[in-house]
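Comments concern the structure below.
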Amino acid sequence: MALIASLFMPVVAAGVSAAASGHDERVLDLRLPDGTRQRVLFWVPPGAKGTIIMLPGGSGQIGLEPDGRLRHGTNFVVRTRALWVAQGYGVLIPDAIDGASLRGVRSSPRYAAIVNALIGFVRAHGAGAVFLLGTSQGSIAAMNGAAHAPAGRVAGVILTESVSVMGGSHETVFSADPRLVRSPALIVANRDDRCAVAPPDAAPRIAAALTGSRDVRVLMVSGGLTRAARNCDSLTPHGYDGIEAQTVDAISRWMDAHR
């Protein structure tokens with residue numbers, strides 16, 4: 001933790017613009033002390049119960065423009081943001097750092113520090129308890145952030161359709177120090193997910209690796225549409241396509257009990 005603290009101070013907003021969607025979303029360009037730019041989409045409704053840092057899968061590149069437009073908006077944690085807000089939670093969604101792919105770096109100490117900088121920003125500017133939620137490759141980032149967050153800063157971590165089998169990114173949730181996670185954890189798996197690197201039957205093994213947490217639960221869901229050719233695409237059961245509302249509702253109930 002000393003290394004993380006020495007490399008990163010709290011992030012600050014370098015620019016603010018209203019998103020084009022008409023919602024109360026803001027696009028923020030956050031500057032880290034090393035000069036790195038971190039663009040985020042930030043939406044906190046009045047009276048929010050908590051705020052979720054939502055970590056996308058794939059390359060992490062969502063193509064967030066200054067006016068709020070998204071070049072790549074189909075990822076589960078991106079396209080469902082209005083559902084989370086309807087549940088009473090604010091959301092912060094980071095784009096890839098300077099537009100570079102996050103594949104292979106989410107389990108690194110440097111990325112743990114970046115997630116913890118985002119936690120610091122949300123604690124200063126968000127509302128309520130702070131949760132980390134990652135999907136697919138993004139679950140690696142959520143695990144890493146939770147593992148290296150100072151005690152009490154994260155109310156819970158949610159890992160959805162987590163990458164647990166080594167693939168092209170050369171990292172999995174097991175690469176991200178799961179034994180160091182102290183916060184409550186929810187592992188969500190879709191029985192109908194056919195993504196080879198995120199098999200649903202690995203959920204109990206992920207839960208078992210969280211030896212430092214006294215509150216770990218596995219939530220199994222089922223169903224979903226297949227509107228993409230690749231099993232690991234967001235518009236398949238891997239991304240809860242067609243079952244977003246019930247999945248968000250189930251996760252929100254768990255967060256309500258842990259905020």
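We name chains A, B, ... following the order of the structure tokens; residues begin at 1 in each chain, and ligands are numbered from 1 as shown.
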Backbone DSSP call of alpha helix (DSSP H) for segment 213-256 of chain A, listed as number ranges by chain: A: 244-256
Could you save those same residues with N, CA, C and O atoms as a short mmCIF file (atom, residue, chain, number, x, y, z; two decimals), in the first residue's frame?
data_model
loop_
_atom_site.label_atom_id
_atom_site.label_comp_id
_atom_site.auth_asym_id
_atom_site.auth_seq_id
_atom_site.Cartn_x
_atom_site.Cartn_y
_atom_site.Cartn_z
N GLU A 244 -31.16 -7.99 -18.32
CA GLU A 244 -30.48 -6.94 -17.57
C GLU A 244 -31.27 -6.52 -16.32
O GLU A 244 -30.68 -6.38 -15.24
N ALA A 245 -32.58 -6.29 -16.47
CA ALA A 245 -33.37 -5.73 -15.37
C ALA A 245 -33.36 -6.64 -14.16
O ALA A 245 -33.14 -6.18 -13.02
N GLN A 246 -33.58 -7.94 -14.37
CA GLN A 246 -33.62 -8.84 -13.22
C GLN A 246 -32.24 -9.03 -12.61
O GLN A 246 -32.10 -9.22 -11.39
N THR A 247 -31.20 -8.98 -13.44
CA THR A 247 -29.85 -9.11 -12.91
C THR A 247 -29.47 -7.90 -12.07
O THR A 247 -28.93 -8.02 -10.96
N VAL A 248 -29.76 -6.71 -12.60
CA VAL A 248 -29.49 -5.48 -11.85
C VAL A 248 -30.29 -5.46 -10.55
O VAL A 248 -29.77 -5.07 -9.49
N ASP A 249 -31.53 -5.89 -10.61
CA ASP A 249 -32.37 -5.91 -9.41
C ASP A 249 -31.79 -6.82 -8.34
O ASP A 249 -31.74 -6.45 -7.15
N ALA A 250 -31.33 -8.01 -8.73
CA ALA A 250 -30.79 -8.95 -7.76
C ALA A 250 -29.50 -8.42 -7.14
O ALA A 250 -29.29 -8.54 -5.92
N ILE A 251 -28.64 -7.82 -7.96
CA ILE A 251 -27.40 -7.26 -7.42
C ILE A 251 -27.70 -6.08 -6.51
O ILE A 251 -27.08 -5.91 -5.44
N SER A 252 -28.66 -5.25 -6.89
CA SER A 252 -29.02 -4.08 -6.08
C SER A 252 -29.53 -4.49 -4.71
O SER A 252 -29.24 -3.81 -3.71
N ARG A 253 -30.29 -5.57 -4.65
CA ARG A 253 -30.76 -6.04 -3.35
C ARG A 253 -29.59 -6.43 -2.46
O ARG A 253 -29.60 -6.17 -1.25
N TRP A 254 -28.56 -7.06 -3.05
CA TRP A 254 -27.38 -7.41 -2.26
C TRP A 254 -26.68 -6.14 -1.78
O TRP A 254 -26.27 -6.05 -0.62
N MET A 255 -26.55 -5.14 -2.65
CA MET A 255 -25.90 -3.90 -2.24
C MET A 255 -26.70 -3.19 -1.15
O MET A 255 -26.12 -2.64 -0.21
N ASP A 256 -28.02 -3.21 -1.26
CA ASP A 256 -28.85 -2.58 -0.24
C ASP A 256 -28.56 -3.15 1.13
O ASP A 256 -28.63 -2.43 2.14
#
Residue with smallest distance to Ser175 of chain A - pool A:Pro109, A:Pro94, A:Gly57, A:Gly88, counting only C-alpha atoms: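 Checking each candidate against Ser175 of chain A, we get A:Pro109 as the closest.
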Residue neighbourhood Gly167 of chain A, 12 Å, only C-alpha atoms, exclusion window fewer than 3 positions, as a list in words: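 The residues that qualify are Gly58, Arg103, Gly104, Ser136, Gln137, Val163, Ser164, His170, Glu171, Thr172, Val173, Cys195, Ala196, Val197, Ala198 and Cys232 of chain A.
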Strand (DSSP E) per DSSP on the backbone: members of segment 132-162 of chain A, as an NGL selection string: :A and (132-135 or 156-160)
With all heavy atoms retained, export the selected residues as a PDB file, in the first residue's frame.
ATOM      1  N   LEU A 132     -17.464  -1.555  -5.900  1.00  0.00           N
ATOM      2  CA  LEU A 132     -16.766  -1.850  -7.148  1.00  0.00           C
ATOM      3  C   LEU A 132     -17.533  -2.942  -7.869  1.00  0.00           C
ATOM      4  O   LEU A 132     -17.886  -3.964  -7.264  1.00  0.00           O
ATOM      5  CB  LEU A 132     -15.344  -2.336  -6.885  1.00  0.00           C
ATOM      6  CG  LEU A 132     -14.375  -1.369  -6.201  1.00  0.00           C
ATOM      7  CD1 LEU A 132     -13.025  -2.057  -5.977  1.00  0.00           C
ATOM      8  CD2 LEU A 132     -14.191  -0.110  -7.021  1.00  0.00           C
ATOM      9  N   LEU A 133     -17.800  -2.743  -9.154  1.00  0.00           N
ATOM     10  CA  LEU A 133     -18.493  -3.756  -9.950  1.00  0.00           C
ATOM     11  C   LEU A 133     -17.759  -3.908 -11.278  1.00  0.00           C
ATOM     12  O   LEU A 133     -17.636  -2.950 -12.047  1.00  0.00           O
ATOM     13  CB  LEU A 133     -19.951  -3.355 -10.180  1.00  0.00           C
ATOM     14  CG  LEU A 133     -20.869  -4.422 -10.788  1.00  0.00           C
ATOM     15  CD1 LEU A 133     -22.333  -4.136 -10.449  1.00  0.00           C
ATOM     16  CD2 LEU A 133     -20.725  -4.538 -12.303  1.00  0.00           C
ATOM     17  N   GLY A 134     -17.259  -5.105 -11.522  1.00  0.00           N
ATOM     18  CA  GLY A 134     -16.584  -5.389 -12.785  1.00  0.00           C
ATOM     19  C   GLY A 134     -17.285  -6.493 -13.534  1.00  0.00           C
ATOM     20  O   GLY A 134     -17.934  -7.358 -12.933  1.00  0.00           O
ATOM     21  N   THR A 135     -17.165  -6.464 -14.854  1.00  0.00           N
ATOM     22  CA  THR A 135     -17.741  -7.534 -15.656  1.00  0.00           C
ATOM     23  C   THR A 135     -16.701  -8.096 -16.599  1.00  0.00           C
ATOM     24  O   THR A 135     -15.898  -7.350 -17.174  1.00  0.00           O
ATOM     25  CB  THR A 135     -18.981  -7.040 -16.436  1.00  0.00           C
ATOM     26  OG1 THR A 135     -19.729  -8.157 -16.925  1.00  0.00           O
ATOM     27  CG2 THR A 135     -18.622  -6.128 -17.590  1.00  0.00           C
ATOM     28  N   GLY A 156     -18.368  -3.114  -0.815  1.00  0.00           N
ATOM     29  CA  GLY A 156     -18.528  -4.435  -1.399  1.00  0.00           C
ATOM     30  C   GLY A 156     -17.988  -4.465  -2.808  1.00  0.00           C
ATOM     31  O   GLY A 156     -17.868  -3.430  -3.473  1.00  0.00           O
ATOM     32  N   VAL A 157     -17.652  -5.660  -3.269  1.00  0.00           N
ATOM     33  CA  VAL A 157     -17.166  -5.848  -4.633  1.00  0.00           C
ATOM     34  C   VAL A 157     -18.057  -6.869  -5.318  1.00  0.00           C
ATOM     35  O   VAL A 157     -18.401  -7.907  -4.732  1.00  0.00           O
ATOM     36  CB  VAL A 157     -15.679  -6.281  -4.656  1.00  0.00           C
ATOM     37  CG1 VAL A 157     -15.435  -7.565  -3.874  1.00  0.00           C
ATOM     38  CG2 VAL A 157     -15.174  -6.412  -6.089  1.00  0.00           C
ATOM     39  N   ILE A 158     -18.463  -6.573  -6.545  1.00  0.00           N
ATOM     40  CA  ILE A 158     -19.336  -7.446  -7.320  1.00  0.00           C
ATOM     41  C   ILE A 158     -18.588  -7.877  -8.570  1.00  0.00           C
ATOM     42  O   ILE A 158     -18.142  -7.029  -9.355  1.00  0.00           O
ATOM     43  CB  ILE A 158     -20.658  -6.734  -7.698  1.00  0.00           C
ATOM     44  CG1 ILE A 158     -21.391  -6.251  -6.433  1.00  0.00           C
ATOM     45  CG2 ILE A 158     -21.552  -7.674  -8.508  1.00  0.00           C
ATOM     46  CD1 ILE A 158     -21.268  -4.777  -6.181  1.00  0.00           C
ATOM     47  N   LEU A 159     -18.452  -9.168  -8.761  1.00  0.00           N
ATOM     48  CA  LEU A 159     -17.733  -9.742  -9.897  1.00  0.00           C
ATOM     49  C   LEU A 159     -18.736 -10.468 -10.778  1.00  0.00           C
ATOM     50  O   LEU A 159     -19.367 -11.438 -10.346  1.00  0.00           O
ATOM     51  CB  LEU A 159     -16.658 -10.720  -9.406  1.00  0.00           C
ATOM     52  CG  LEU A 159     -15.722 -10.195  -8.306  1.00  0.00           C
ATOM     53  CD1 LEU A 159     -14.835 -11.315  -7.777  1.00  0.00           C
ATOM     54  CD2 LEU A 159     -14.874  -9.032  -8.829  1.00  0.00           C
ATOM     55  N   THR A 160     -18.920 -10.008 -12.013  1.00  0.00           N
ATOM     56  CA  THR A 160     -19.931 -10.589 -12.892  1.00  0.00           C
ATOM     57  C   THR A 160     -19.271 -11.222 -14.106  1.00  0.00           C
ATOM     58  O   THR A 160     -18.442 -10.590 -14.767  1.00  0.00           O
ATOM     59  CB  THR A 160     -20.956  -9.525 -13.332  1.00  0.00           C
ATOM     60  OG1 THR A 160     -20.355  -8.599 -14.226  1.00  0.00           O
ATOM     61  CG2 THR A 160     -21.520  -8.763 -12.137  1.00  0.00           C
TER      62      THR A 160
END
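A straight line drawn from atom CA of Ala82 of chain A to atom CA of Trp43 of chain A is 9.1 Å long.
With only C-alpha atoms as the atoms that count, the residue of A:Arg191, A:Arg179, A:Arg79, A:Arg227 with the shortest distance to Arg214 of chain A is A:Arg179.
Atom CA of Ala228 of chain A is positioned 17.6 Å from atom CA of Pro56 of chain A.
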His238 of chain A surroundings by only C-alpha atoms, 8 Å radius, close-in-sequence under 5 positions cut, as an mmCIF file with C-alpha atoms, in the first residue's frame:
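out.cif, written as the output of this step:
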data_model
loop_
_atom_site.group_PDB
_atom_site.id
_atom_site.type_symbol
_atom_site.label_atom_id
_atom_site.label_comp_id
_atom_site.auth_asym_id
_atom_site.auth_seq_id
_atom_site.Cartn_x
_atom_site.Cartn_y
_atom_site.Cartn_z
ATOM 1 C CA GLU A 161 -19.098 -13.222 -15.525
ATOM 2 C CA ASN A 190 -25.013 -16.948 -15.719
ATOM 3 C CA ASP A 192 -26.102 -20.000 -19.896
ATOM 4 C CA ASP A 193 -22.808 -18.152 -20.393
ATOM 5 C CA ARG A 194 -20.751 -19.954 -23.062
ATOM 6 C CA CYS A 195 -17.687 -17.685 -22.916
ATOM 7 C CA ASN A 231 -19.812 -16.117 -26.971
ATOM 8 C CA CYS A 232 -17.805 -13.550 -24.985
ATOM 9 C CA ASP A 233 -19.546 -10.562 -26.568
#
